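S.K.: Dropping a structure here in C-alpha cells format, bear with me for questions.
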Amino acid sequence: MERKKRVLIVDDEEAIRKGLLDVFVFHGYEVDSAVNGREGLEKALTGTFDLILLDVMLPELDGFSVCNEIRKVTRDQPIIMLTAKSTDDDIITGLTLGADDYVAKPFSVRELVLRSEAVLRRFQKPTDAQRTFTINGFTVDTANLSASASDGRTVHLTRREIEILQYLLAHGDRPVSRDELLEEVWGYSRGSSIETRTVDIHIAKLRRKIEDDPKDPKLLLTIRGEGYRLRPENCGS
C-alpha cells in the first residue's frame with residue numbers, strides 16, 4: 001500500500017489552519033500543523049514532509065525566516081508560501097529564499113490543492129542526469145545551484161530557475177509559452193486555468209542574474225504573443 005503524502009501546515013490563523021487540515025486530510029494526505037514560525041521550523045527540521053505550506057506573517061519567526069532556515073539544511077524540501085503580501089517585491093523575496101511557489105490570500109481551496117499537487121508531481125520526476133551546461137558564458141552547476149562566469153563571477157540560482165533554463169535550452173528552436181512552462185516545469189495540469197504571475201516573476205529574476213542589462217535583455221528574450229526563448233547563438237551544452 002502506497003504511503004500517504006505528508007503535509008505540514010504552518011499558519012497562525014486557526015480558521016485557515018483547521019480548514020486546510022480538513023481539506024488535505026479529505027484529499028488523502030497525512031497532515032501536521034504548527035501555530036507559529038518557531039514551532040513550524042522545529043517540525044520541518046525534525047520531521048519528514050512531502051510538502052510544507054508556510055504562511056509569511058507568523059508570530060515568533062516569520063515565514064521568510066523559516067524558509068531561509070529550512071533551505072540552509074535542505075534545498076529539496078518542497079515549500080509553498082501562503083501570503084497576504086502579494087506585491088512583486090514580497091513574492092520575489094519568498095521565491096529568492098527558495099520557495100517553490102506562492103499563493104496569495106485570499107485563495108481558493110481548489111487552486112491551492114492543484115498547486116500543491118503540481119509541486120509534488122515536479123519532485124516525483126526523475127532528476128536530469130546532466131550535471132552542468134553552458135549558457136551565455138556561464139557554466140551552470142545543477143547540483144550546487146550556481147552559475148560561474150568566465151570572468152570568475154558566480155551567481156546563485158534556485159532549482160526552479162535552473163529548470164527553466166534547461167527547458168528553454170532543450171527547446172531553443174522555438175519560443176516556449178507561459179502555459180507550457182507551467183505544465184512542464186511547474187507541473188501544473190493542462191487546462192487547470194490557474195492564474196499566476198510566477199513565470200513572469202521568475203523570468204525577471206533570471207534576467208537580473210544573467211543579463212548585463214535586465215531591462216534590455218540580449219539572452220532571455222520575450223517573443224511577443226508567443227512566450228520566451230534563449231538567443232540560440234549564445235547557448236551551448
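Ordering of the C-alpha cells sets the chain letters (A, B, ...); residue numbers start at 1 within each chain; ligands are numbered from 1 in the order shown.
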From the DSSP assignment of the backbone, select every residue of region 100-205 of chain A that is strand (DSSP E), and format the answer as number ranges by chain.

M.R.: A: 101-104, 132-135, 138-141, 146-149, 154-156

S.K.: Do you know which residues are at most 10 Å from Leu51 (chain A) counting only C-alpha atoms, after dropping those on the same chain fewer than 5 positions away, and could you put them as a short mmCIF file (atom, residue, chain, number, x, y, z; two decimals) with N, CA and C atoms, in the first residue's frame?

M.R.:
data_model
loop_
_atom_site.label_atom_id
_atom_site.label_comp_id
_atom_site.auth_asym_id
_atom_site.auth_seq_id
_atom_site.Cartn_x
_atom_site.Cartn_y
_atom_site.Cartn_z
N LYS A 5 1.06 10.92 1.38
CA LYS A 5 1.93 12.09 1.37
C LYS A 5 1.71 12.88 2.66
N ARG A 6 2.79 13.42 3.21
CA ARG A 6 2.72 14.18 4.47
C ARG A 6 2.86 15.67 4.20
N VAL A 7 1.95 16.45 4.77
CA VAL A 7 1.93 17.89 4.60
C VAL A 7 2.03 18.56 5.96
N LEU A 8 2.87 19.59 6.06
CA LEU A 8 2.95 20.42 7.26
C LEU A 8 2.35 21.78 6.94
N ILE A 9 1.35 22.19 7.71
CA ILE A 9 0.69 23.48 7.54
C ILE A 9 1.14 24.40 8.67
N VAL A 31 -1.54 14.94 7.68
CA VAL A 31 -1.29 16.36 7.91
C VAL A 31 -0.87 16.63 9.35
N ALA A 44 9.57 21.17 10.85
CA ALA A 44 10.12 20.99 9.49
C ALA A 44 11.49 20.33 9.52
N GLN A 77 13.41 20.42 -0.07
CA GLN A 77 12.12 20.35 0.62
C GLN A 77 11.10 21.21 -0.13
N PRO A 78 10.04 20.61 -0.66
CA PRO A 78 9.01 21.42 -1.34
C PRO A 78 8.31 22.37 -0.37
N ILE A 79 8.24 23.65 -0.74
CA ILE A 79 7.63 24.68 0.11
C ILE A 79 6.74 25.57 -0.76
N ILE A 80 5.51 25.75 -0.31
CA ILE A 80 4.62 26.76 -0.90
C ILE A 80 4.34 27.80 0.17
N SER A 116 -0.50 22.52 -5.02
CA SER A 116 0.24 21.59 -4.17
C SER A 116 0.53 20.30 -4.93
N GLU A 117 -0.46 19.80 -5.64
CA GLU A 117 -0.26 18.58 -6.42
C GLU A 117 0.78 18.80 -7.52
N VAL A 119 3.40 20.88 -7.40
CA VAL A 119 4.73 20.86 -6.77
C VAL A 119 5.15 19.44 -6.45
N LEU A 120 4.24 18.64 -5.94
CA LEU A 120 4.56 17.25 -5.60
C LEU A 120 4.89 16.44 -6.85
N PHE A 123 8.47 17.12 -7.95
CA PHE A 123 9.51 16.48 -7.16
C PHE A 123 9.52 14.96 -7.32
#

S.K.: Can you work out the spacing between CA of Ser150 (chain A) and CA of Gln166 (chain A) in Å, to one decimal?

M.R.: 19.6 Å

S.K.: Report as a PyMOL selection string all protein, DNA and RNA residues lying within 6 Å of region 100-113 of chain A, evaluated on only C-alpha atoms, omitting residues in the same chain fewer than 4 positions from it.

M.R.: chain A and resi 79-84+86

S.K.: Counting only C-alpha atoms, which of A:Leu145, A:Ile203, A:Leu181, A:Val73 gets nearest to Thr46 (chain A)?

M.R.: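 Smallest distance to Thr46 (chain A) is found for A:Val73.
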
S.K.: Using only C-alpha atoms, which residue out of A:Asp89, A:Arg3, A:Asp11, A:Tyr29 lies closest to Asp62 (chain A)?

M.R.: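 Counting only C-alpha atoms, the residue closest to Asp62 (chain A) is A:Asp11.
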
S.K.: Quick one: residues within 9 Å of Phe64 (chain A), only C-alpha atoms counted, chain neighbours fewer than 6 positions away excluded, as a list in words?

M.R.: Leu54, Asp55, Val56, Met57, Met81, Thr93, Gly94 and Leu97 of chain A

S.K.: Extract, using only C-alpha atoms, all DNA, RNA and protein residues at most 9 Å from Val10 (chain A), discarding same-chain residues fewer than 2 positions from it, and format them as number ranges by chain.

M.R.: A: 8, 12, 17, 32-37, 39-41, 52-55, 58, 63

S.K.: I need the chosen residues saved as an mmCIF file, in the first residue's frame, with C-alpha atoms.

M.R.:
data_model
loop_
_atom_site.group_PDB
_atom_site.id
_atom_site.type_symbol
_atom_site.label_atom_id
_atom_site.label_comp_id
_atom_site.auth_asym_id
_atom_site.auth_seq_id
_atom_site.Cartn_x
_atom_site.Cartn_y
_atom_site.Cartn_z
ATOM 1 C CA LEU A 8 2.953 20.421 7.261
ATOM 2 C CA ASP A 12 -1.327 31.170 12.998
ATOM 3 C CA ARG A 17 -5.134 26.171 9.629
ATOM 4 C CA ASP A 32 0.531 18.035 10.787
ATOM 5 C CA SER A 33 0.347 21.713 11.727
ATOM 6 C CA ALA A 34 2.098 24.475 13.637
ATOM 7 C CA VAL A 35 0.754 27.766 15.011
ATOM 8 C CA ASN A 36 3.909 29.913 14.806
ATOM 9 C CA GLY A 37 7.166 30.137 12.909
ATOM 10 C CA GLU A 39 7.207 25.609 16.056
ATOM 11 C CA GLY A 40 6.922 25.234 12.286
ATOM 12 C CA LEU A 41 10.680 25.370 11.839
ATOM 13 C CA ILE A 52 5.221 22.468 3.641
ATOM 14 C CA LEU A 53 2.518 25.137 3.378
ATOM 15 C CA LEU A 54 4.079 28.155 5.044
ATOM 16 C CA ASP A 55 2.343 31.415 5.908
ATOM 17 C CA LEU A 58 3.734 34.386 11.577
ATOM 18 C CA GLY A 63 7.708 32.686 7.086
#

S.K.: Determine which residues of region 39-121 of chain A receive a DSSP assignment of alpha helix (DSSP H), computed from the backbone, and state them as a PyMOL selection string.

M.R.: chain A and resi 39-46+63-73+88-96+109-121

S.K.: Write a file of the just-selected residues containing C-alpha atoms, as a compact mmCIF listing (two decimals), in the first residue's frame.

M.R.:
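Wrote it out as out_27.txt, contents follow:
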# COMPACT_ATOMS: atom_id res chain seq x y z
CA GLU A 39 7.21 25.61 16.06
CA GLY A 40 6.92 25.23 12.29
CA LEU A 41 10.68 25.37 11.84
CA GLU A 42 11.25 22.78 14.56
CA LYS A 43 8.74 20.39 13.00
CA ALA A 44 10.12 20.99 9.49
CA LEU A 45 13.67 20.17 10.57
CA THR A 46 12.86 17.19 12.76
CA GLY A 63 7.71 32.69 7.09
CA PHE A 64 10.62 34.19 5.15
CA SER A 65 12.96 33.38 8.04
CA VAL A 66 11.54 29.86 8.38
CA CYS A 67 12.02 29.22 4.65
CA ASN A 68 15.58 30.55 4.79
CA GLU A 69 16.48 28.30 7.75
CA ILE A 70 14.98 25.24 6.04
CA ARG A 71 16.98 25.96 2.89
CA LYS A 72 20.21 26.09 4.90
CA VAL A 73 19.58 22.44 5.78
CA ASP A 88 6.03 41.59 -6.60
CA ASP A 89 8.76 42.52 -4.09
CA ASP A 90 7.29 40.26 -1.41
CA ILE A 91 6.74 37.41 -3.84
CA ILE A 92 10.28 37.76 -5.20
CA THR A 93 11.63 37.66 -1.63
CA GLY A 94 9.92 34.34 -0.98
CA LEU A 95 10.97 32.82 -4.28
CA THR A 96 14.54 34.06 -3.86
CA VAL A 109 -9.02 25.82 -1.78
CA ARG A 110 -9.22 24.16 -5.20
CA GLU A 111 -6.37 26.29 -6.54
CA LEU A 112 -4.19 25.57 -3.50
CA VAL A 113 -4.76 21.82 -3.82
CA LEU A 114 -3.99 21.93 -7.57
CA ARG A 115 -0.80 23.90 -7.00
CA SER A 116 0.24 21.59 -4.17
CA GLU A 117 -0.26 18.58 -6.42
CA ALA A 118 1.79 20.31 -9.13
CA VAL A 119 4.73 20.86 -6.77
CA LEU A 120 4.56 17.25 -5.60
CA ARG A 121 4.48 15.94 -9.20

S.K.: Would you mind reading off the distance between CA of Phe138 (chain A) and CA of Arg229 (chain A), one decimal, in Å?

M.R.: 16.9 Å

S.K.: For Glu161 (chain A), work out the shell of residues within 12 Å, counting only C-alpha atoms and skipping chain neighbours fewer than 5 positions away, then give it as a PyMOL selection string.

M.R.: chain A and resi 95-96+98-100+140-142+145-147+155-156+166-168+181+185-186+198-210

S.K.: Keeping only C-alpha atoms, write the selected residues as an mmCIF file, in the first residue's frame.

M.R.:
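Generated file (out-v1.cif):
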data_model
loop_
_atom_site.group_PDB
_atom_site.id
_atom_site.type_symbol
_atom_site.label_atom_id
_atom_site.label_comp_id
_atom_site.auth_asym_id
_atom_site.auth_seq_id
_atom_site.Cartn_x
_atom_site.Cartn_y
_atom_site.Cartn_z
ATOM 1 C CA LEU A 95 10.975 32.823 -4.284
ATOM 2 C CA THR A 96 14.544 34.056 -3.863
ATOM 3 C CA GLY A 98 13.824 29.095 -2.171
ATOM 4 C CA ALA A 99 10.042 28.728 -2.011
ATOM 5 C CA ASP A 100 8.741 26.583 -4.864
ATOM 6 C CA VAL A 140 25.617 26.242 -14.684
ATOM 7 C CA ASP A 141 26.130 23.637 -11.974
ATOM 8 C CA THR A 142 22.791 21.933 -11.358
ATOM 9 C CA LEU A 145 22.693 25.617 -7.805
ATOM 10 C CA SER A 146 25.185 28.128 -9.152
ATOM 11 C CA ALA A 147 26.457 29.621 -12.373
ATOM 12 C CA VAL A 155 25.642 33.837 -9.254
ATOM 13 C CA HIS A 156 23.364 31.643 -7.173
ATOM 14 C CA GLN A 166 17.267 23.746 -19.022
ATOM 15 C CA TYR A 167 13.810 23.604 -20.583
ATOM 16 C CA LEU A 168 14.358 26.697 -22.735
ATOM 17 C CA LEU A 181 6.398 26.320 -18.737
ATOM 18 C CA VAL A 185 8.476 22.987 -15.331
ATOM 19 C CA TRP A 186 5.952 23.715 -12.581
ATOM 20 C CA THR A 198 5.061 33.238 -11.201
ATOM 21 C CA VAL A 199 6.526 32.626 -14.682
ATOM 22 C CA ASP A 200 6.978 36.345 -15.358
ATOM 23 C CA ILE A 201 8.499 36.910 -11.909
ATOM 24 C CA HIS A 202 10.969 34.032 -12.368
ATOM 25 C CA ILE A 203 11.979 35.333 -15.797
ATOM 26 C CA ALA A 204 12.567 38.805 -14.314
ATOM 27 C CA LYS A 205 14.714 37.286 -11.540
ATOM 28 C CA LEU A 206 16.757 35.295 -14.054
ATOM 29 C CA ARG A 207 17.372 38.373 -16.173
ATOM 30 C CA ARG A 208 18.744 40.228 -13.170
ATOM 31 C CA LYS A 209 21.238 37.403 -12.679
ATOM 32 C CA ILE A 210 22.402 36.579 -16.201
#
